[in-house]
file structure25.cif (mmCIF, C-alpha atoms)
data_work
loop_
_atom_site.label_atom_id
_atom_site.label_comp_id
_atom_site.auth_asym_id
_atom_site.auth_seq_id
_atom_site.Cartn_x
_atom_site.Cartn_y
_atom_site.Cartn_z
CA MET A 104 104.15 -87.01 65.60
CA THR A 105 103.92 -83.98 67.89
CA GLU A 106 106.82 -82.97 70.10
CA ILE A 107 105.09 -84.21 73.25
CA GLU A 108 104.28 -87.56 71.59
CA LYS A 109 107.90 -87.92 70.51
CA THR A 110 109.10 -87.01 74.00
CA LEU A 111 106.85 -89.52 75.73
CA THR A 112 107.83 -92.20 73.22
CA ALA A 113 111.50 -91.49 73.90
CA ARG A 114 110.93 -91.47 77.66
CA SER A 115 109.07 -94.76 77.89
CA THR A 116 110.30 -95.32 81.45
CA LEU A 117 107.90 -92.67 82.72
CA THR A 118 104.86 -93.94 84.58
CA ASP A 119 101.40 -93.59 83.02
CA LYS A 120 100.47 -90.99 85.64
CA THR A 121 103.59 -88.94 84.89
CA LYS A 122 102.89 -89.12 81.16
CA THR A 123 99.37 -87.83 81.73
CA ASN A 124 100.71 -84.99 83.88
CA TYR A 125 103.25 -84.12 81.16
CA LYS A 126 100.53 -84.07 78.49
CA ASN A 127 98.36 -81.73 80.54
CA ALA A 128 101.28 -79.44 81.36
CA TYR A 129 102.34 -79.44 77.70
CA ILE A 130 98.91 -78.35 76.51
CA ARG A 131 98.95 -75.53 79.01
CA LEU A 132 102.47 -74.37 78.16
CA ARG A 133 102.06 -74.71 74.39
CA ALA A 134 99.05 -72.37 74.55
CA LEU A 135 101.32 -69.66 75.99
CA LEU A 136 103.80 -69.84 73.09
CA THR A 137 103.59 -68.95 69.40
CA GLY A 138 105.47 -72.06 68.31
CA ASP A 139 106.62 -75.48 69.50
CA ILE A 140 108.62 -75.66 72.71
CA ASN A 141 111.66 -77.15 70.98
CA ALA A 142 111.58 -74.29 68.45
CA SER A 143 111.14 -71.51 71.03
CA SER A 144 114.04 -69.80 72.74
CA GLU A 145 114.69 -70.30 76.44
CA GLU A 146 113.95 -66.61 76.99
CA GLU A 147 110.56 -66.95 75.27
CA ILE A 148 109.64 -69.95 77.43
CA ILE A 149 110.72 -68.24 80.67
CA ASN A 150 108.83 -65.05 79.83
CA ALA A 151 105.71 -67.00 78.88
CA ILE A 152 105.70 -68.91 82.16
CA ASP A 153 106.66 -65.91 84.27
CA THR A 154 103.89 -63.64 82.94
CA ALA A 155 101.13 -66.25 82.56
CA GLU A 156 97.90 -65.84 84.51
CA GLU A 157 94.95 -68.04 85.38
CA ASP A 158 91.38 -67.52 86.43
CA LYS A 159 90.61 -68.44 90.03
CA LYS A 160 87.01 -68.04 91.15
CA GLY A 161 86.46 -65.17 88.73
CA GLU A 162 89.72 -63.44 89.63
CA THR A 163 92.79 -63.34 87.39
CA LYS A 164 95.97 -64.24 89.24
CA PRO A 165 99.59 -65.13 88.31
CA LEU A 166 100.41 -68.84 88.18
CA THR A 167 101.47 -70.36 91.47
CA GLN A 168 105.14 -71.24 91.82
CA SER A 169 104.21 -74.92 91.83
CA VAL A 170 102.41 -74.64 88.47
CA LYS A 171 105.30 -72.65 87.00
CA LEU A 172 107.74 -75.39 87.97
CA THR A 173 105.48 -78.05 86.46
CA LEU A 174 105.39 -76.22 83.11
CA LEU A 175 109.11 -75.62 83.30
CA ASN A 176 109.85 -79.30 83.91
CA VAL A 177 107.97 -80.43 80.82
CA ALA A 178 109.80 -77.80 78.73
CA ILE A 179 113.16 -79.11 79.95
CA VAL A 180 112.24 -82.74 79.23
CA ILE A 181 111.11 -81.91 75.68
CA ARG A 182 114.21 -79.85 74.92
CA GLN A 183 116.47 -82.63 76.22
CA VAL A 184 114.94 -85.03 73.71
CA TYR A 185 115.42 -82.48 70.90
CA ASN A 186 118.98 -81.73 72.04
CA LYS A 187 118.20 -78.04 72.62
CA PRO A 188 119.85 -75.78 75.25
CA ILE A 189 118.33 -75.90 78.75
CA GLY A 190 120.91 -74.02 80.86
CA ASP A 191 118.78 -70.90 81.37
CA LEU A 192 115.70 -73.00 82.09
CA GLU A 193 117.55 -74.99 84.75
CA ARG A 194 118.82 -71.80 86.42
CA TYR A 195 115.27 -70.43 86.36
CA ARG A 196 114.05 -73.68 87.93
CA ILE A 197 116.55 -73.39 90.81
CA SER A 198 115.36 -69.87 91.65
CA GLY A 199 111.75 -71.05 91.36
CA LYS A 200 112.32 -73.87 93.83
CA LYS A 201 113.71 -71.41 96.38
CA GLU A 202 110.64 -69.20 95.98
CA LEU A 203 108.37 -72.24 96.34
CA LEU A 204 110.16 -73.28 99.53
CA THR A 205 109.68 -69.85 101.07
CA ALA A 206 105.99 -69.91 100.11
CA ASN A 207 105.59 -73.36 101.67
CA VAL A 208 107.14 -72.20 104.94
CA LEU A 209 104.79 -69.22 105.14
CA LYS A 210 101.80 -71.40 104.31
CA ASN A 211 102.72 -73.98 106.94
CA GLU A 212 103.11 -71.28 109.60
CA GLY A 213 99.53 -70.21 108.92
CA LEU A 214 98.28 -73.77 109.27
CA LYS A 215 99.17 -73.83 112.97
CA GLN A 216 96.05 -71.82 113.73
CA GLU A 217 93.57 -73.81 111.65
CA LEU A 218 94.57 -77.47 112.01
CA PRO A 219 93.36 -79.65 114.90
CA THR A 220 95.87 -80.98 117.43
CA LEU A 221 97.32 -84.48 117.47
CA LYS A 222 95.28 -85.16 120.60
CA GLU A 223 92.07 -84.23 118.77
CA VAL A 224 92.93 -86.34 115.72
CA THR A 225 93.81 -89.31 117.93
CA ALA A 226 90.50 -88.96 119.78
CA TYR A 227 88.65 -88.82 116.45
CA THR A 228 90.40 -92.01 115.34
CA ASN A 229 89.48 -93.82 118.56
CA THR A 230 85.86 -92.73 118.13
CA LEU A 231 85.82 -94.34 114.68
CA PHE A 232 86.81 -97.64 116.28
CA GLU A 233 84.12 -97.34 118.94
CA LYS A 234 81.51 -96.72 116.24
CA GLY A 235 82.68 -99.72 114.22
CA GLU A 236 83.64 -97.59 111.21
CA TRP A 237 86.37 -100.04 110.39
CA ARG A 238 87.68 -98.70 107.06
CA LYS A 239 87.84 -95.12 108.32
CA TYR A 240 89.53 -96.27 111.50
CA LEU A 241 92.15 -98.32 109.65
CA VAL A 242 92.93 -95.49 107.22
CA ASN A 243 93.50 -93.05 110.10
CA TYR A 244 95.50 -95.66 112.03
CA LEU A 245 97.83 -96.20 109.06
CA LEU A 246 98.22 -92.44 108.53
CA LEU A 247 99.09 -91.81 112.17
CA THR A 248 101.25 -94.90 112.65
CA PHE A 249 103.14 -95.23 109.36
CA ASN A 250 102.84 -91.67 107.98
CA VAL A 251 101.88 -92.87 104.50
CA ARG A 252 100.52 -91.12 101.41
CA ASN A 253 97.20 -91.69 99.65
CA MET A 254 98.79 -94.05 97.15
CA ASP A 255 100.06 -96.30 99.94
CA LEU A 256 96.49 -96.78 101.18
CA ASN A 257 95.29 -98.07 97.83
CA LEU A 258 95.82 -101.67 98.93
CA GLN A 259 94.36 -105.15 99.14
CA ILE A 260 93.70 -106.95 102.41
CA VAL A 261 94.33 -110.69 102.04
CA LYS A 262 94.68 -113.83 104.18
CA SER A 263 97.79 -115.36 102.62
CA ASN A 264 101.26 -114.38 101.42
CA LYS A 265 100.54 -116.45 98.32
CA ALA A 266 98.33 -113.64 97.00
CA VAL A 267 101.13 -111.07 97.25
CA ASN A 268 103.05 -109.74 94.23
CA ASN A 269 105.17 -106.66 93.65
CA LYS A 270 102.53 -104.85 91.57
CA ASP A 271 100.34 -103.69 94.46
CA ASN A 272 100.19 -102.80 98.15
CA TRP A 273 98.98 -105.33 100.72
CA ILE A 274 97.92 -106.07 104.24
CA VAL A 275 98.35 -109.79 104.95
CA LEU A 276 96.42 -110.92 108.01
CA HIS A 277 98.07 -113.54 110.22
CA LYS A 278 97.18 -114.91 113.62
CA GLY A 279 98.03 -112.16 116.09
CA SER A 280 99.61 -109.79 113.55
CA ALA A 281 99.47 -108.44 110.01
CA ASP A 282 102.12 -107.44 107.49
CA TYR A 283 101.65 -104.10 105.73
CA MET A 284 103.61 -104.35 102.45
CA ARG A 285 104.06 -101.40 100.11
CA TYR A 286 105.41 -101.89 96.61
CA VAL A 287 103.56 -99.03 94.91
CA TYR A 288 104.33 -95.64 96.48
CA LYS A 289 105.95 -92.37 95.44
CA THR A 290 109.59 -93.20 96.20
CA ALA A 291 109.50 -96.98 95.65
CA ASP A 292 112.34 -96.81 93.12
CA VAL A 293 114.59 -95.35 95.81
CA TYR A 294 113.59 -97.26 98.92
CA ASP A 295 112.32 -100.63 97.63
CA CYS A 296 109.42 -102.51 99.20
CA LYS A 297 108.47 -101.33 102.67
CA VAL A 298 107.18 -103.82 105.23
CA ASN A 299 105.67 -102.90 108.58
CA THR A 300 104.23 -105.30 111.13
CA ILE A 301 100.87 -104.43 112.68
CA THR A 302 100.29 -105.79 116.20
CA SER A 303 97.72 -103.29 117.53
CA LYS A 304 94.67 -105.20 118.77
CA ASN A 305 92.30 -102.49 117.54
CA ALA A 306 93.91 -102.36 114.09
CA LEU A 307 93.80 -106.16 113.78
CA GLU A 308 90.14 -106.20 114.78
CA ALA A 309 89.40 -103.57 112.15
CA ILE A 310 91.26 -105.60 109.51
CA LYS A 311 89.30 -108.76 110.41
CA ASN A 312 85.99 -106.90 110.23
CA ILE A 313 86.84 -105.38 106.85
CA LEU A 314 87.97 -108.71 105.41
CA GLU A 315 85.11 -110.77 106.93
CA ASP A 316 84.90 -114.12 105.08
CA ASN A 317 86.48 -112.82 101.87
CA ASP A 318 89.89 -113.89 100.60
CA SER A 319 90.64 -110.36 99.41
CA VAL A 320 89.10 -106.87 99.70
CA TYR A 321 90.20 -103.37 98.77
CA LEU A 322 90.65 -100.98 101.68
CA LEU A 323 89.54 -97.97 99.61
CA ALA A 324 86.71 -99.82 97.91
CA LYS A 325 83.94 -98.02 96.05
CA GLU A 326 80.30 -98.94 96.70
CA ASP A 327 80.52 -101.75 94.15
CA GLY A 328 83.58 -103.21 95.91
CA GLU A 329 86.04 -102.20 93.18
CA ARG A 330 89.15 -100.20 94.04
CA GLN A 331 89.34 -96.44 93.72
CA LYS A 332 90.99 -94.96 90.64
CA ASP A 333 94.23 -93.06 91.16
CA ASN A 334 92.65 -89.68 90.41
CA ALA A 335 90.00 -90.27 93.11
CA LEU A 336 92.35 -91.28 95.93
CA ASN A 337 92.83 -87.82 97.43
CA LYS A 338 89.10 -87.24 97.82
CA ALA A 339 88.45 -90.79 99.05
CA VAL A 340 91.11 -90.58 101.77
CA SER A 341 90.29 -87.00 102.81
CA ARG A 342 86.65 -87.91 103.41
CA MET A 343 87.79 -90.56 105.89
CA THR A 344 89.81 -88.08 107.95
CA MET A 345 88.64 -85.59 110.54
CA LYS A 346 86.39 -82.76 109.35
CA THR A 347 86.69 -79.22 110.73
CA ASP A 348 85.25 -75.79 109.94
CA ASN A 349 88.30 -75.11 107.77
CA TYR A 350 88.31 -78.59 106.17
CA LYS A 351 84.71 -79.61 105.60
CA ASP A 352 85.75 -82.51 103.34
CA GLY A 353 88.39 -83.77 105.79
CA ILE A 354 91.90 -82.63 106.67
CA GLY A 355 93.59 -85.21 104.39
CA GLN A 356 96.82 -87.18 104.63
CA ALA A 357 99.31 -84.32 104.17
CA ASN A 358 97.79 -82.34 107.04
CA MET A 359 97.76 -85.46 109.20
CA LEU A 360 101.54 -85.56 108.83
CA LYS A 361 101.87 -81.84 109.55
CA ILE A 362 99.83 -82.27 112.71
CA LEU A 363 102.06 -85.12 113.88
CA LEU A 364 105.31 -83.24 113.21
CA ALA A 365 103.96 -80.10 114.92
CA ASP A 366 103.41 -82.14 118.08
CA LYS A 367 106.37 -84.54 117.96
CA THR A 368 109.38 -82.29 117.36
CA ASP A 369 112.14 -84.70 118.45
CA MET A 370 114.69 -86.01 115.97
CA LYS A 371 113.71 -89.63 116.66
CA THR A 372 110.20 -88.96 115.36
CA PHE A 373 111.51 -87.21 112.24
CA ASP A 374 113.86 -90.12 111.51
CA LYS A 375 111.01 -92.60 111.99
CA VAL A 376 108.68 -90.65 109.68
CA SER A 377 111.46 -90.30 107.11
CA VAL A 378 111.94 -94.07 107.00
CA ASN A 379 108.22 -94.90 107.08
CA ARG A 380 107.26 -92.47 104.35
CA GLY A 381 110.35 -92.79 102.19
CA THR A 382 111.01 -89.04 102.41
CA SER A 383 114.25 -87.20 103.14
CA LEU A 384 114.50 -85.16 106.33
CA THR A 385 115.00 -82.08 104.19
CA ALA A 386 111.70 -82.66 102.39
CA LEU A 387 109.91 -83.17 105.71
CA ASN A 388 111.14 -79.77 106.87
CA GLU A 389 110.41 -78.05 103.58
CA TYR A 390 106.86 -79.27 103.10
CA TYR A 391 105.45 -80.64 106.38
CA ASN A 392 107.10 -78.99 109.39
CA THR A 393 104.83 -76.13 110.52
CA ASN A 394 107.44 -75.15 113.13
CA PHE A 395 110.16 -74.66 110.53
CA GLU A 396 111.04 -71.01 109.89
CA ASN A 397 114.39 -71.00 108.07
CA PRO A 398 114.03 -72.13 104.44
CA GLN A 399 117.55 -71.09 103.46
CA ALA A 400 119.02 -73.36 106.12
CA VAL A 401 117.26 -76.31 104.56
CA MET A 402 118.48 -75.36 101.10
CA ASP A 403 122.04 -75.41 102.44
CA THR A 404 121.68 -78.68 104.35
CA THR A 405 122.88 -81.92 102.82
CA LYS A 406 119.87 -84.08 102.07
CA ARG A 407 119.77 -87.25 104.11
CA LYS A 408 118.27 -90.27 102.46
CA MET A 409 117.11 -93.36 104.29
CA ASN A 410 118.25 -96.73 102.95
CA CYS A 411 115.29 -99.02 103.61
CA MET A 412 115.57 -102.63 102.48
CA ALA A 413 112.66 -105.02 102.21
CA LYS A 414 112.31 -108.17 104.32
CA ILE A 415 109.48 -110.07 102.62
CA PRO A 416 108.46 -111.00 100.06
CA LYS A 417 111.59 -110.95 97.92
CA THR A 418 111.70 -108.53 95.02
CA GLU A 419 114.22 -106.94 92.71
CA LEU A 420 116.48 -104.56 94.62
CA GLY A 421 115.90 -100.84 94.13
CA ALA A 422 119.54 -100.25 93.16
CA VAL A 423 119.23 -102.65 90.26
CA LYS A 424 115.92 -101.11 89.16
CA ARG A 425 117.39 -97.62 89.26
CA ALA A 426 120.45 -98.64 87.26
CA ASP A 427 118.33 -100.35 84.60
CA LYS A 428 115.95 -97.39 84.45
CA LYS A 429 118.78 -94.86 84.09
CA ASP A 430 120.50 -96.93 81.41
CA LYS A 431 117.27 -97.21 79.42
CA LYS A 432 116.54 -93.51 79.83
CA ASP A 433 120.05 -92.53 78.66
CA LYS A 434 119.72 -94.77 75.59
CA GLU A 435 116.31 -93.34 74.73
CA ILE A 436 117.48 -89.76 74.98
CA LYS A 437 120.65 -90.52 73.03
CA GLN A 438 118.63 -92.16 70.24
CA ALA A 439 116.14 -89.27 70.15
CA LYS A 440 118.96 -86.74 69.93
CA ALA A 441 120.56 -88.67 67.07
CA GLU A 442 117.27 -88.75 65.18
CA ALA A 443 116.78 -85.02 65.71
CA LYS A 444 120.30 -84.30 64.51
CA ALA A 445 119.83 -86.47 61.42
CA LYS A 446 116.79 -84.41 60.39
#
call {"tool": "encode", "arguments": {"input": "structure25.cif", "output": "structure tokens"}}
result
Amino acid sequence: MTEIEKTLTARSTLTDKTKTNYKNAYIRLRALLTGDINASSEEEIINAIDTAEEDKKGETKPLTQSVKLTLLNVAIVIRQVYNKPIGDLERYRISGKKELLTANVLKNEGLKQELPTLKEVTAYTNTLFEKGEWRKYLVNYLLLTFNVRNMDLNLQIVKSNKAVNNKDNWIVLHKGSADYMRYVYKTADVYDCKVNTITSKNALEAIKNILEDNDSVYLLAKEDGERQKDNALNKAVSRMTMKTDNYKDGIGQANMLKILLADKTDMKTFDKVSVNRGTSLTALNEYYNTNFENPQAVMDTTKRKMNCMAKIPKTELGAVKRADKKDKKDKEIKQAKAEAKAK
């Protein structure tokens, strides 16, 4: 069993997507080293990541800070399982996060000149409704109204609560309203199920036209009616958003949020977006606020987390899920360390 296989076996609480990301990062990092990650020194791992380069459109460039942090994270996880020191790696990760934050701020400042305005995006969305492009309209409506990610849009539209379970995302159409229920999204373990009520006449008309006489349809359906795969969501959603000279395939969900926060700078809007998206105010400033120009201030600010509880349907509380997950993770790591020590 390879070290990555052992690590993923020990960390069975990881999602399938995270495991795939770890495998890919491991292959990339292992190629930079002369031996296994658990057998390499922290200095060797840091030097390998720090000096690594990649080919981008025929030009050799250093790894981006984001890629460096991804490789570093998988190294830390593996060494935890093998009970190897990680102190230097963690200190290196902290400095890397600060550099990434500064880079994000500079990047977001540049976006002010190339992204459309909220007024333009709103007009584009209204045009979609007028043209009867119901799926595109509903996707843009949900992005503008509830500030969601791509994953949140990978949902089923149904006519009855009876179809709902906690393994998917849903829009349940009622008479005069619809419930938008999210169980599967990035921070679900922290914020539980999120439920929003849709009362917009245009949105409800779009939902009815998408559903037609069916009991259930996928919002992001492929041509054959099946749902999009996770690795195709970004492209599928982006193509439904506004296209510009700078974004010929569509501006995408992350830029939609940046556009909103650039226009609506009041604290009430930031609080609302934080709750809707399941994102701390600090993260909104770090990654999405194109008006934000002081990264160090964010690093020094206490992170505020929103405590969002679900209304319907009932599901296991996030606090219980987190406690169970942490307990299982601790046991797995403890067992893996004991096995490594015994050898």
call {"tool": "residues_around", "arguments": {"input": "structure25.cif", "residues": "Asp139 in chain A", "least_positions_apart": "2", "cutoff": "12 Å", "atoms": "all atoms listed in the file", "output": "list of chain:residue names"}}
result
A:Thr105, A:Glu106, A:Ile107, A:Tyr129, A:Ile130, A:Leu132, A:Arg133, A:Ala134, A:Leu135, A:Leu136, A:Thr137, A:Asn141, A:Ala142, A:Ser143, A:Ser144, A:Glu145, A:Glu147, A:Ile148, A:Ala178, A:Ile181, A:Arg182, A:Tyr185
call {"tool": "closest_residue", "arguments": {"input": "structure25.cif", "among": "A:Thr154, A:Thr248, A:Asn207, A:Thr123", "to": "Lys375 in chain A", "atoms": "only C-alpha atoms"}}
result
A:Thr248
call {"tool": "axis_aligned_box", "arguments": {"input": "structure25.cif", "around": "range 151-154 of chain A", "padding_each_side": "3 Å", "output": "lines of an AutoDock Vina configuration file"}}
result
center_x = 105.3
center_y = -66.3
center_z = 81.6
size_x = 8.8
size_y = 11.3
size_z = 11.4
call {"tool": "closest_atom_pairs", "arguments": {"input": "structure25.cif", "of": "range 353-393 of chain A", "to": "range 230-245 of chain A", "cutoff": "12 Å", "atoms": "only C-alpha atoms", "output": "Markdown table"}}
result
| residue | atom | partner | partner_atom | distance |
| --- | --- | --- | --- | --- |
| A:Gly353 | CA | A:Asn243 | CA | 11.4 |
| A:Ile354 | CA | A:Asn243 | CA | 11.1 |
| A:Gly355 | CA | A:Asn243 | CA | 9.7 |
| A:Gln356 | CA | A:Asn243 | CA | 8.7 |
| A:Asn358 | CA | A:Asn243 | CA | 11.9 |
| A:Met359 | CA | A:Asn243 | CA | 8.8 |
| A:Leu360 | CA | A:Asn243 | CA | 11.1 |
| A:Asn379 | CA | A:Leu245 | CA | 10.7 |
| A:Arg380 | CA | A:Leu245 | CA | 11.2 |
call {"tool": "write_last_selection", "arguments": {"input": "structure25.cif", "atoms": "C-alpha atoms", "output": "PDB file, in the frame of the given file"}}
result
ATOM      1  CA  GLY A 353      88.390 -83.770 105.790  1.00  0.00           C
ATOM      2  CA  ILE A 354      91.900 -82.630 106.670  1.00  0.00           C
ATOM      3  CA  GLY A 355      93.590 -85.210 104.390  1.00  0.00           C
ATOM      4  CA  GLN A 356      96.820 -87.180 104.630  1.00  0.00           C
ATOM      5  CA  ASN A 358      97.790 -82.340 107.040  1.00  0.00           C
ATOM      6  CA  MET A 359      97.760 -85.460 109.200  1.00  0.00           C
ATOM      7  CA  LEU A 360     101.540 -85.560 108.830  1.00  0.00           C
ATOM      8  CA  ASN A 379     108.220 -94.900 107.080  1.00  0.00           C
ATOM      9  CA  ARG A 380     107.260 -92.470 104.350  1.00  0.00           C
TER      10      ARG A 380
END
call {"tool": "closest_residue", "arguments": {"input": "structure25.cif", "among": "A:Ile362, A:Val320, A:Ile149, A:Leu307", "to": "Ile189 in chain A", "atoms": "only C-alpha atoms"}}
result
A:Ile149
call {"tool": "residues_around", "arguments": {"input": "structure25.cif", "residues": "Ile313 in chain A", "least_positions_apart": "2", "cutoff": "9 Å", "atoms": "all atoms listed in the file", "output": "ChimeraX atom specification"}}
result
/A:237-238,260,308-311,315,317,320-322
call {"tool": "resolve_selection", "arguments": {"input": "structure25.cif", "expression": "the PyMOL selection byres ((chain A and resi 222) around 12)", "output": "ChimeraX atom specification"}}
result
/A:218-221,223-229,247,359,362-363,365-367
call {"tool": "resolve_selection", "arguments": {"input": "structure25.cif", "expression": "the PyMOL selection byres ((chain A and resi 269) around 8)", "output": "PDB file with C-alpha atoms, in the frame of the given file"}}
result
ATOM      1  CA  VAL A 267     101.130-111.070  97.250  1.00  0.00           C
ATOM      2  CA  ASN A 268     103.050-109.740  94.230  1.00  0.00           C
ATOM      3  CA  LYS A 270     102.530-104.850  91.570  1.00  0.00           C
ATOM      4  CA  ASP A 271     100.340-103.690  94.460  1.00  0.00           C
ATOM      5  CA  ASN A 272     100.190-102.800  98.150  1.00  0.00           C
ATOM      6  CA  TYR A 286     105.410-101.890  96.610  1.00  0.00           C
ATOM      7  CA  VAL A 287     103.560 -99.030  94.910  1.00  0.00           C
ATOM      8  CA  THR A 418     111.700-108.530  95.020  1.00  0.00           C
TER       9      THR A 418
END
call {"tool": "decode", "arguments": {"input": "structure25.cif", "residues": "range 281-304 of chain A", "atoms": "N, CA and C atoms", "output": "tab-separated table (two decimals), in the first residue's frame"}}
result
chain	number	residue	atom	x	y	z
A	281	ALA	N	-41.81	28.76	-3.75
A	281	ALA	CA	-40.98	27.56	-3.91
A	281	ALA	C	-39.93	27.58	-2.80
A	282	ASP	N	-39.58	26.41	-2.32
A	282	ASP	CA	-38.52	26.30	-1.31
A	282	ASP	C	-37.23	25.85	-1.99
A	283	TYR	N	-36.17	26.61	-1.76
A	283	TYR	CA	-34.84	26.27	-2.29
A	283	TYR	C	-34.05	25.68	-1.13
A	284	MET	N	-33.81	24.37	-1.16
A	284	MET	CA	-33.17	23.65	-0.06
A	284	MET	C	-31.78	23.15	-0.49
A	285	ARG	N	-30.78	23.50	0.30
A	285	ARG	CA	-29.41	23.08	-0.02
A	285	ARG	C	-28.85	22.21	1.11
A	286	TYR	N	-28.60	20.96	0.76
A	286	TYR	CA	-27.93	20.05	1.68
A	286	TYR	C	-26.48	19.81	1.27
A	287	VAL	N	-26.21	19.93	-0.03
A	287	VAL	CA	-24.88	19.62	-0.56
A	287	VAL	C	-24.24	20.91	-1.06
A	288	TYR	N	-23.39	21.50	-0.22
A	288	TYR	CA	-22.64	22.70	-0.61
A	288	TYR	C	-21.37	22.74	0.21
A	289	LYS	N	-20.48	23.64	-0.11
A	289	LYS	CA	-19.11	23.61	0.41
A	289	LYS	C	-19.01	23.58	1.92
A	290	THR	N	-19.81	24.39	2.61
A	290	THR	CA	-19.70	24.50	4.07
A	290	THR	C	-20.90	23.88	4.79
A	291	ALA	N	-21.49	22.85	4.19
A	291	ALA	CA	-22.69	22.22	4.77
A	291	ALA	C	-22.43	21.66	6.16
A	292	ASP	N	-21.21	21.15	6.41
A	292	ASP	CA	-20.91	20.59	7.72
A	292	ASP	C	-20.91	21.64	8.82
A	293	VAL	N	-20.72	22.89	8.42
A	293	VAL	CA	-20.69	23.98	9.41
A	293	VAL	C	-22.06	24.61	9.59
A	294	TYR	N	-22.78	24.81	8.50
A	294	TYR	CA	-24.00	25.60	8.56
A	294	TYR	C	-25.29	24.82	8.39
A	295	ASP	N	-25.22	23.51	8.24
A	295	ASP	CA	-26.42	22.68	8.10
A	295	ASP	C	-27.16	22.97	6.78
A	296	CYS	N	-28.37	22.43	6.69
A	296	CYS	CA	-29.20	22.67	5.51
A	296	CYS	C	-29.60	24.14	5.46
A	297	LYS	N	-29.59	24.70	4.25
A	297	LYS	CA	-30.03	26.08	4.07
A	297	LYS	C	-31.34	26.07	3.28
A	298	VAL	N	-32.30	26.82	3.75
A	298	VAL	CA	-33.60	26.90	3.10
A	298	VAL	C	-33.94	28.35	2.81
A	299	ASN	N	-34.23	28.65	1.56
A	299	ASN	CA	-34.67	29.98	1.16
A	299	ASN	C	-36.02	29.87	0.45
A	300	THR	N	-36.89	30.81	0.69
A	300	THR	CA	-38.19	30.82	0.03
A	300	THR	C	-38.16	31.74	-1.18
A	301	ILE	N	-38.61	31.23	-2.31
A	301	ILE	CA	-38.66	32.00	-3.55
A	301	ILE	C	-40.10	32.45	-3.78
A	302	THR	N	-40.30	33.76	-3.89
A	302	THR	CA	-41.64	34.31	-4.13
A	302	THR	C	-41.69	35.16	-5.40
A	303	SER	N	-40.55	35.40	-6.03
A	303	SER	CA	-40.49	36.21	-7.25
A	303	SER	C	-41.37	35.59	-8.34
A	304	LYS	N	-42.25	36.37	-8.91
A	304	LYS	CA	-43.16	35.86	-9.95
A	304	LYS	C	-42.39	35.36	-11.17
